[in-house]
Every structure is written in C-alpha cells, then in structure tokens.
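J.: Here it is, the structure, as structure tokens.
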Amino acid sequence: MAVIDYGSGIYAIDLYEEGKPFRSSAYLIKDEQLALIETGSANSHEALLRGLGELDVKPEDLDHILLTHVHLDHSGGAGQMMQASPKAVMHAHPRAARHLVDPSRLISGTRAVYGEHADEMFGPLMPIEAERVVAEDDGSHLTIGRHTLSFYHTPGHAKHHMCIYDSVSTGLFSGDMVGIRYWPEYTGWDFVYGFPTTSPVDFDPDTMLASMDRMEQLQPSRIFHTHFGETKPAAVAFDFSRRGVQYIRALIDQLPENPDYPMIQQALSQIVIQDARRQGHPVKNADPLALDIMLDAQGILVYIQKKQAGKL
Ligand SMILES: [Zn+2]
C-alpha cells in the first residue's frame with residue numbers, strides 16, 4: 001500500500017524514505033487544481049511518481065508544490081519534481097525560497113549534520129528557477145477550488161518552517177512541528193508512538209511550544225504529519241508533542257554545564273523508554289527510534305551551545 005485516502009480529496013503517498021514504509025509521506029490534494037505537499041528527498045522521487053501514478057496523476061498535471069520547510073527529507077527532491085512538473089508553482093517560506101533557488105548552503109549544512117553519508121541518504125539537490133518559487137507570507141492563502149490552503153510561519157523546528165491549514169478537511173499539514181507519528185510498521189512496536197522532532201540547527205523548545213499553541217488556536221480537527229500520516233483528533237498529536245518538548249526542557253535544565261553528545265543521546269533514549277512505559281507499553285529500549293534520537297540529540301546540543309554563547 002503506497003497511498004492512503006483520507007477523504008476530502010486528500011491522499012498520503014508513502015515516500016519510502018530511507019527505503020522504509022510508514023516513514024515519510026507527501027500529500028496530494030485533488031481539486032480543480034492539483035496540489036502536492038512535500039516531495040521527500042531526491043531518493044524518494046521514484047516512490048513519489050509511483051504514488052501519483054496510483055492516483056492517476058501525472059507529474060505534468062501538478063499545479064502547485066508546497067513545502068513545509070527545506071530539510072532534505074521534505075524538500076530534497078523538489079528540484080526533480082519541478083522539472084517533471086513544468087507548469088507547477090512552488091510555495092515555500094520566504095527563508096526557504098532562496099535555498100530552493102540556490103541549494104549550495106543546504107548541501108553544506110546537510111553534510112555538517114549527516115556527515116559524508118548525506119549525499120547517498122538524500123540524493124542530488126537541483127536548483128529551481130527563481131521565477132517559479134513563491135515566498136509565502138505568514139497568513140497568506142492559496143485557493144485551488146473548494147480547498148483554501150493557509151500558510152503559517154511556525155519556527156521552533158526550523159526558522160524556514162510553515163504549517164498549512166486546509167479549509168475543507170480542517171486538517172493541519174504540520175511538517176515537523178506537531179511531532180512524529182511512529183507507526184508499528186516502522187518501529188516494530190505494537191502501538192503507535194508520538195514524539196517531537198528536535199533535529200538541528202534551529203530547534204528551540206520555547207519557540208516550538210509557542211508555535212504549537214498558535215496552531216492549536218486554529219482548532220484543526222486532525223494533523224497530517226509528514227512523518228507519517230494522520231493523527232485524529234489533532235489534540236492527541238499536540239499532547240504527545242508538547243509532553244515530549246517538556247521532557248526535553250526539563251532535561252536541558254538538569255544537564256551539567258558543558259554536556260556532551262553521548263550524554264544527551266542516552267538521556268533522550270531514557271526519556272522515550274519512560275514515556276512509552278508511562279503509557280502502558282513496557283518497551284525494552286528505544287532502538288527503533290535510534291536515527292531520530294541521534295539527530296534530536298544533536299539538535300538539543302546545538303540549542304544548548306547557542307544559548308550558552310548568548311546567540312538566541
Ligand atoms: Zn522531517
């Protein structure tokens with residue numbers, strides 16, 4: 001199953017990011033015009049085309065491609081998709097737009113986070129013509145028929161992050177702002193688990209909580225996560241994300257002056273294990289989340305270092 005029908009003309013397409021199902025999704029909205037939200041990385045391009053094919057959509061039919069932010073698991077394949085979709089217009093946060101036109105800083109930034117494996121993990125980054133990229137202001141709208149999509153700048157995970165609210169489903173396409181929904185198919189656990197994502201380099205717990213509060217005031221009925229699929233009611237996702245950020249905030253307060261990376265990584269694993277156990281799931285370890293815990297620990301360390309250097 002590569003496609004999930006969520007009603008209201010909204011479909012999730014499994015991008016098989018990292019070669020794994022139930023990890024990352026793009027969303028297609030079918031209306032008078034066709035809008036795609038997220039493209040995944042360049043390595044997900046074929047999976048995205050297959051998913052669109054299952055929905056009888058050719059890439060050249062797409063009118064709009066929307067990105068929540070320019071971390072490569074969300075947008076690395078945007079250049080390929082824009083080439084395959086010659087009439088499509090790209091919509092992104094103003095801080096993201098310049099990176100889509102000139103991805104050189106994204107490439108160096110990604111190598112700094114993921115090391116030499118960055119290129120094989122995400123594939124090549126292709127630039128997009130500036131005249132095809134629309135920088136969306138906070139509160140701006142895009143109407144594609146019955147659906148009106150509203151853009152909200154939501155820092156806390158990344159400074160170039162926006163959430164997209166859909167008027168028909170009353171769902172919020174939350175990118176990486178209202179946590180990750182870990183499916184049993186991904187973790188091997190026998191329950192759904194939710195936790196925020198604090199990957200580098202812009203994570204800020206207070207800003208993330210403030211953005212979540214703002215998005216909750218829109219009263220969305222459900223959350224469409226990029227990782228992965230839908231959480232309904234939305235309150236469930238706000239709860240697990242907020243709870244996780246609060247644990248992380250408490251951890252930051254408890255850490256010694258100059259914490260090192262392994263210390264944070266280990267503490268974060270413990271937080272996940274205890275959080276799952278408190279919900280009645282006696283997990284033995286946090287290994288299924290190892291990749292995210294690695295990135296999240298880096299993001300927390302970067303935040304602590306910035307804070308200590310007075311750079312926040
Ligand atoms: Zn992500």
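Starting from 1 in every chain, residues are counted up; chains themselves are A, B, ... following the order of the structure tokens, and ligands are numbered from 1 as listed.
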Set the cut-off to 9 Å, count only C-alpha atoms and all ligand atoms, and list whatever residues fall near ligand 1 as a PyMOL selection string.
T.: chain A and resi 24+40+69+71-74+175-176+180+197+199+226-227
J.: Next, dump the selected residues to file, keeping only N, CA and C atoms, as a short mmCIF file (atom, residue, chain, number, x, y, z; two decimals), in the first residue's frame.
T.:
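And here is the file that came out, out_14.cif:
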data_model
loop_
_atom_site.label_atom_id
_atom_site.label_comp_id
_atom_site.auth_asym_id
_atom_site.auth_seq_id
_atom_site.Cartn_x
_atom_site.Cartn_y
_atom_site.Cartn_z
N SER A 24 7.93 8.58 5.80
CA SER A 24 7.67 9.93 5.31
C SER A 24 6.58 9.91 4.26
N GLY A 40 9.62 14.91 -0.40
CA GLY A 40 10.63 13.98 0.07
C GLY A 40 11.97 14.30 -0.55
N HIS A 69 9.12 22.92 4.90
CA HIS A 69 10.44 23.50 5.17
C HIS A 69 11.46 22.80 4.30
N HIS A 71 14.33 21.10 5.08
CA HIS A 71 15.15 19.93 5.45
C HIS A 71 14.98 18.89 4.35
N LEU A 72 16.06 18.18 4.05
CA LEU A 72 16.08 17.43 2.79
C LEU A 72 15.11 16.26 2.73
N ASP A 73 14.71 15.73 3.91
CA ASP A 73 13.74 14.64 3.86
C ASP A 73 12.35 15.16 3.46
N HIS A 74 12.19 16.47 3.42
CA HIS A 74 10.93 17.08 2.99
C HIS A 74 11.01 17.65 1.59
N GLY A 175 4.09 19.40 8.85
CA GLY A 175 5.53 19.23 8.62
C GLY A 175 6.16 18.52 9.80
N ASP A 176 7.12 19.18 10.44
CA ASP A 176 7.79 18.60 11.62
C ASP A 176 7.45 19.35 12.90
N ILE A 180 6.23 13.60 15.49
CA ILE A 180 6.30 12.48 14.55
C ILE A 180 5.37 11.40 15.06
N THR A 197 10.19 16.26 17.10
CA THR A 197 11.50 16.16 16.45
C THR A 197 12.28 17.44 16.67
N SER A 199 15.59 18.06 15.58
CA SER A 199 16.84 17.96 14.81
C SER A 199 17.46 19.35 14.59
N THR A 226 4.14 14.90 8.21
CA THR A 226 4.98 14.37 7.13
C THR A 226 5.50 13.00 7.55
N HIS A 227 5.84 12.86 8.84
CA HIS A 227 6.25 11.55 9.36
C HIS A 227 5.19 11.12 10.37
#
J.: Which residues, written as a list in words, have at least one atom at most 12 Å from Pro184 (chain A), with only C-alpha atoms counted and residues fewer than 3 positions away on the same chain left out?
T.: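 Using only C-alpha atoms, the neighbours found are Pro21, Phe22, Arg23, Arg181, Thr187, Gly188, Trp189, Asp190, Phe191, Val192, Tyr193, Gly194, Phe228, Pro288 and Leu289 of chain A.
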J.: Would you kindly return, as a ChimeraX atom specification, each protein, DNA or RNA residue with an atom no farther than 8 Å from any atom of Met212 (chain A), considering only C-alpha atoms and excluding same-chain residues fewer than 5 positions away?
T.: /A:154,177-178,238,242
J.: With only C-alpha atoms as the counted atoms, please give the residues lying no more than 9 Å from Glu54 (chain A), apart from itself and same-chain residues fewer than 4 positions off, as JSON, numbers by chain.
T.: {"A": [2, 3, 49, 50]}
J.: Mind writing the picked residues with N, CA and C atoms as an mmCIF file, in the first residue's frame?
T.:
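Below is the file out_30.cif, written as the result:
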data_model
loop_
_atom_site.group_PDB
_atom_site.id
_atom_site.type_symbol
_atom_site.label_atom_id
_atom_site.label_comp_id
_atom_site.auth_asym_id
_atom_site.auth_seq_id
_atom_site.Cartn_x
_atom_site.Cartn_y
_atom_site.Cartn_z
ATOM 1 N N ALA A 2 0.805 2.005 -1.056
ATOM 2 C CA ALA A 2 1.653 3.194 -1.111
ATOM 3 C C ALA A 2 0.843 4.471 -0.960
ATOM 4 N N VAL A 3 -0.494 4.349 -0.953
ATOM 5 C CA VAL A 3 -1.348 5.531 -0.917
ATOM 6 C C VAL A 3 -2.443 5.318 0.123
ATOM 7 N N LEU A 49 6.577 9.384 -7.736
ATOM 8 C CA LEU A 49 5.955 9.227 -9.060
ATOM 9 C C LEU A 49 5.025 8.010 -9.081
ATOM 10 N N ARG A 50 5.450 6.916 -8.444
ATOM 11 C CA ARG A 50 4.602 5.718 -8.385
ATOM 12 C C ARG A 50 3.298 6.009 -7.648
#
J.: Calculate how many Å separate CA of Tyr261 (chain A) from CA of Met294 (chain A), rounding to one decimal.
T.: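 According to the coordinates, CA of Tyr261 (chain A) and CA of Met294 (chain A) are separated by 9.0 Å.
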J.: Quick one: pick out all helix (DSSP H, G or I) residues within region 155-294 of chain A from a backbone DSSP run and write them as a ChimeraX atom specification.
T.: /A:184-187,205-217,234-254,261-278,287-294
J.: Near Gln308 (chain A), within 10 Å and counting only C-alpha atoms, which residues show up once chain neighbours fewer than 6 positions away are dropped, as a ChimeraX atom specification?
T.: /A:257-258,302
J.: Take the residues that were just selected and, keeping C-alpha atoms, output them as a compact mmCIF listing (two decimals), in the first residue's frame.
T.:
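Output contents, as saved in out.txt:
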# COMPACT_ATOMS: atom_id res chain seq x y z
CA GLU A 257 27.44 22.99 32.30
CA ASN A 258 29.01 21.54 29.16
CA VAL A 302 23.24 22.89 19.23
J.: Determine, for each residue of region 11-103 of chain A having at least one atom at most 9 Å from an atom of region 132-152 of chain A, the closest pair of atoms and their separation in Å to one decimal, counting only C-alpha atoms; order by chain and ascending number, as CSV.
T.:
residue,atom,partner,partner_atom,distance
A:Ile29,CA,A:His147,CA,8.5
A:Lys30,CA,A:Ile144,CA,8.8
A:Asp31,CA,A:Gly145,CA,5.6
A:Glu32,CA,A:Gly145,CA,5.0
A:Gln33,CA,A:Ile144,CA,5.1
A:Leu34,CA,A:Ile144,CA,7.2
A:Ala35,CA,A:Ile144,CA,7.6
A:Asp63,CA,A:Ile144,CA,8.8
A:His64,CA,A:Ile144,CA,8.8
A:Met82,CA,A:Arg132,CA,8.8
A:Lys87,CA,A:Arg132,CA,8.9
A:Ala88,CA,A:Arg132,CA,7.7
A:Val89,CA,A:Arg132,CA,5.3
A:Met90,CA,A:Val133,CA,4.7
A:His91,CA,A:Val134,CA,4.9
A:Ala92,CA,A:Ala135,CA,5.3
A:His93,CA,A:Glu136,CA,5.4
A:Pro94,CA,A:Ala135,CA,4.5
A:Arg95,CA,A:Ala135,CA,8.0
A:Ala96,CA,A:Ala135,CA,7.9
A:Ala97,CA,A:Ala135,CA,5.9
A:Arg98,CA,A:Val133,CA,8.9
A:Leu100,CA,A:Val133,CA,8.0
A:Val101,CA,A:Val133,CA,7.9
J.: For the selection you just gave me, I'd like the residues written to a file as a short mmCIF file (atom, residue, chain, number, x, y, z; two decimals), in the first residue's frame, keeping N, CA and C atoms.
T.:
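The resulting file, selection-v2.cif, is shown below:
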data_model
loop_
_atom_site.label_atom_id
_atom_site.label_comp_id
_atom_site.auth_asym_id
_atom_site.auth_seq_id
_atom_site.Cartn_x
_atom_site.Cartn_y
_atom_site.Cartn_z
N ILE A 29 -3.54 16.86 -2.89
CA ILE A 29 -4.91 17.35 -2.75
C ILE A 29 -5.48 17.50 -4.15
N LYS A 30 -6.56 16.73 -4.39
CA LYS A 30 -7.23 16.77 -5.69
C LYS A 30 -8.40 17.73 -5.63
N ASP A 31 -8.36 18.75 -6.45
CA ASP A 31 -9.45 19.73 -6.53
C ASP A 31 -9.44 20.24 -7.96
N GLU A 32 -10.02 21.41 -8.22
CA GLU A 32 -9.95 21.95 -9.59
C GLU A 32 -8.50 22.03 -10.03
N GLN A 33 -7.63 22.37 -9.07
CA GLN A 33 -6.20 22.30 -9.33
C GLN A 33 -5.61 21.22 -8.43
N LEU A 34 -4.42 20.75 -8.81
CA LEU A 34 -3.77 19.69 -8.05
C LEU A 34 -2.61 20.27 -7.26
N ALA A 35 -2.62 20.00 -5.97
CA ALA A 35 -1.53 20.50 -5.12
C ALA A 35 -0.83 19.33 -4.44
N ASP A 63 -0.30 21.51 -10.39
CA ASP A 63 -0.34 22.97 -10.47
C ASP A 63 0.52 23.62 -9.40
N HIS A 64 0.58 22.98 -8.21
CA HIS A 64 1.28 23.59 -7.08
C HIS A 64 2.07 22.54 -6.32
N MET A 82 9.99 19.65 -9.76
CA MET A 82 9.66 20.86 -10.53
C MET A 82 10.05 20.68 -12.00
N LYS A 87 4.41 22.99 -15.28
CA LYS A 87 3.52 24.13 -15.02
C LYS A 87 3.37 24.42 -13.52
N ALA A 88 4.00 23.61 -12.67
CA ALA A 88 3.82 23.77 -11.23
C ALA A 88 4.52 25.02 -10.70
N VAL A 89 3.87 25.63 -9.70
CA VAL A 89 4.45 26.75 -8.96
C VAL A 89 4.82 26.22 -7.59
N MET A 90 6.00 26.64 -7.11
CA MET A 90 6.45 26.18 -5.79
C MET A 90 6.12 27.21 -4.73
N HIS A 91 5.61 26.74 -3.59
CA HIS A 91 5.26 27.65 -2.49
C HIS A 91 6.08 27.25 -1.26
N ALA A 92 6.76 28.23 -0.68
CA ALA A 92 7.61 27.92 0.47
C ALA A 92 7.75 29.16 1.35
N HIS A 93 8.26 28.95 2.53
CA HIS A 93 8.57 30.04 3.48
C HIS A 93 9.60 30.98 2.82
N PRO A 94 9.49 32.28 3.07
CA PRO A 94 10.47 33.20 2.46
C PRO A 94 11.93 32.81 2.76
N ARG A 95 12.20 32.30 3.97
CA ARG A 95 13.58 31.90 4.29
C ARG A 95 13.98 30.62 3.56
N ALA A 96 12.99 29.86 3.10
CA ALA A 96 13.28 28.61 2.37
C ALA A 96 13.49 28.89 0.89
N ALA A 97 12.78 29.91 0.39
CA ALA A 97 12.75 30.14 -1.06
C ALA A 97 14.16 30.30 -1.65
N ARG A 98 15.00 31.09 -0.97
CA ARG A 98 16.34 31.34 -1.54
C ARG A 98 17.18 30.07 -1.59
N LEU A 100 15.99 27.10 -2.18
CA LEU A 100 15.49 26.27 -3.28
C LEU A 100 16.10 26.74 -4.60
N VAL A 101 16.32 28.04 -4.69
CA VAL A 101 16.90 28.62 -5.90
C VAL A 101 18.40 28.34 -5.95
#
J.: Have a look at A:Asp61, A:Asp239, A:Asp14, A:Glu216 and name the one nearest to Glu46 (chain A); count only C-alpha atoms.
T.: A:Asp14
J.: CA of Tyr6 (chain A) to CA of Lys20 (chain A): how many Å, to one decimal?
T.: 21.0 Å
J.: Give me the residues near region 113-123 of chain A as an NGL selection string, where near means some atom within 8 Å (using only C-alpha atoms) and where sequence neighbours in that chain fewer than 5 positions away do not count.
T.: :A and (18 or 41-43 or 72-73 or 76-77 or 200 or 295)
J.: Which residues come within 12 Å of Lys306 (chain A), counting only C-alpha atoms, excluding same-chain residues fewer than 3 positions away, as a PDB file with N, CA and C atoms, in the first residue's frame?
T.:
ATOM      1  N   PRO A 200      18.773  19.396  14.298  1.00  0.00           N
ATOM      2  CA  PRO A 200      19.474  20.673  14.164  1.00  0.00           C
ATOM      3  C   PRO A 200      19.036  21.434  12.903  1.00  0.00           C
ATOM      4  N   VAL A 201      19.329  22.722  12.777  1.00  0.00           N
ATOM      5  CA  VAL A 201      20.147  23.507  13.687  1.00  0.00           C
ATOM      6  C   VAL A 201      19.337  24.616  14.368  1.00  0.00           C
ATOM      7  N   ASP A 202      18.023  24.623  14.184  1.00  0.00           N
ATOM      8  CA  ASP A 202      17.207  25.734  14.695  1.00  0.00           C
ATOM      9  C   ASP A 202      16.319  25.359  15.873  1.00  0.00           C
ATOM     10  N   PHE A 203      16.401  24.118  16.365  1.00  0.00           N
ATOM     11  CA  PHE A 203      15.461  23.710  17.414  1.00  0.00           C
ATOM     12  C   PHE A 203      15.528  24.669  18.602  1.00  0.00           C
ATOM     13  N   ASP A 204      14.343  25.067  19.055  1.00  0.00           N
ATOM     14  CA  ASP A 204      14.223  25.908  20.251  1.00  0.00           C
ATOM     15  C   ASP A 204      12.930  25.497  20.951  1.00  0.00           C
ATOM     16  N   ASN A 258      28.652  21.809  30.557  1.00  0.00           N
ATOM     17  CA  ASN A 258      29.014  21.538  29.163  1.00  0.00           C
ATOM     18  C   ASN A 258      28.700  20.091  28.791  1.00  0.00           C
ATOM     19  N   GLY A 299      20.419  18.242  17.779  1.00  0.00           N
ATOM     20  CA  GLY A 299      19.656  19.492  17.783  1.00  0.00           C
ATOM     21  C   GLY A 299      19.596  20.108  19.166  1.00  0.00           C
ATOM     22  N   ILE A 300      19.456  19.275  20.178  1.00  0.00           N
ATOM     23  CA  ILE A 300      19.408  19.772  21.559  1.00  0.00           C
ATOM     24  C   ILE A 300      20.770  20.349  21.956  1.00  0.00           C
ATOM     25  N   LEU A 301      21.840  19.653  21.552  1.00  0.00           N
ATOM     26  CA  LEU A 301      23.191  20.134  21.863  1.00  0.00           C
ATOM     27  C   LEU A 301      23.447  21.491  21.189  1.00  0.00           C
ATOM     28  N   VAL A 302      23.057  21.609  19.939  1.00  0.00           N
ATOM     29  CA  VAL A 302      23.241  22.891  19.230  1.00  0.00           C
ATOM     30  C   VAL A 302      22.477  24.002  19.951  1.00  0.00           C
ATOM     31  N   TYR A 303      21.257  23.687  20.388  1.00  0.00           N
ATOM     32  CA  TYR A 303      20.460  24.686  21.119  1.00  0.00           C
ATOM     33  C   TYR A 303      21.175  25.125  22.396  1.00  0.00           C
ATOM     34  N   ALA A 309      26.240  30.580  24.412  1.00  0.00           N
ATOM     35  CA  ALA A 309      27.021  31.615  23.715  1.00  0.00           C
ATOM     36  C   ALA A 309      26.224  32.919  23.574  1.00  0.00           C
ATOM     37  N   GLY A 310      25.011  32.922  24.136  1.00  0.00           N
ATOM     38  CA  GLY A 310      24.176  34.125  24.061  1.00  0.00           C
ATOM     39  C   GLY A 310      23.682  34.419  22.653  1.00  0.00           C
ATOM     40  N   LYS A 311      23.557  33.360  21.841  1.00  0.00           N
ATOM     41  CA  LYS A 311      23.166  33.572  20.430  1.00  0.00           C
ATOM     42  C   LYS A 311      21.698  33.309  20.160  1.00  0.00           C
ATOM     43  N   LEU A 312      20.885  33.312  21.219  1.00  0.00           N
ATOM     44  CA  LEU A 312      19.452  33.069  20.968  1.00  0.00           C
ATOM     45  C   LEU A 312      18.661  34.360  21.121  1.00  0.00           C
TER      46      LEU A 312
END
J.: Using DSSP on the backbone coordinates, identify all residues within region 175-278 of chain A classified as strand (DSSP E); present the result as a list in words.
T.: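 Filtering region 175-278 of chain A to strand (DSSP E) leaves Gly175, Ile180, Arg181, Tyr182, Tyr193, Gly194, Phe195, Arg222, Ile223, Phe224, His225, Gly229, Glu230 and Thr231 of chain A.
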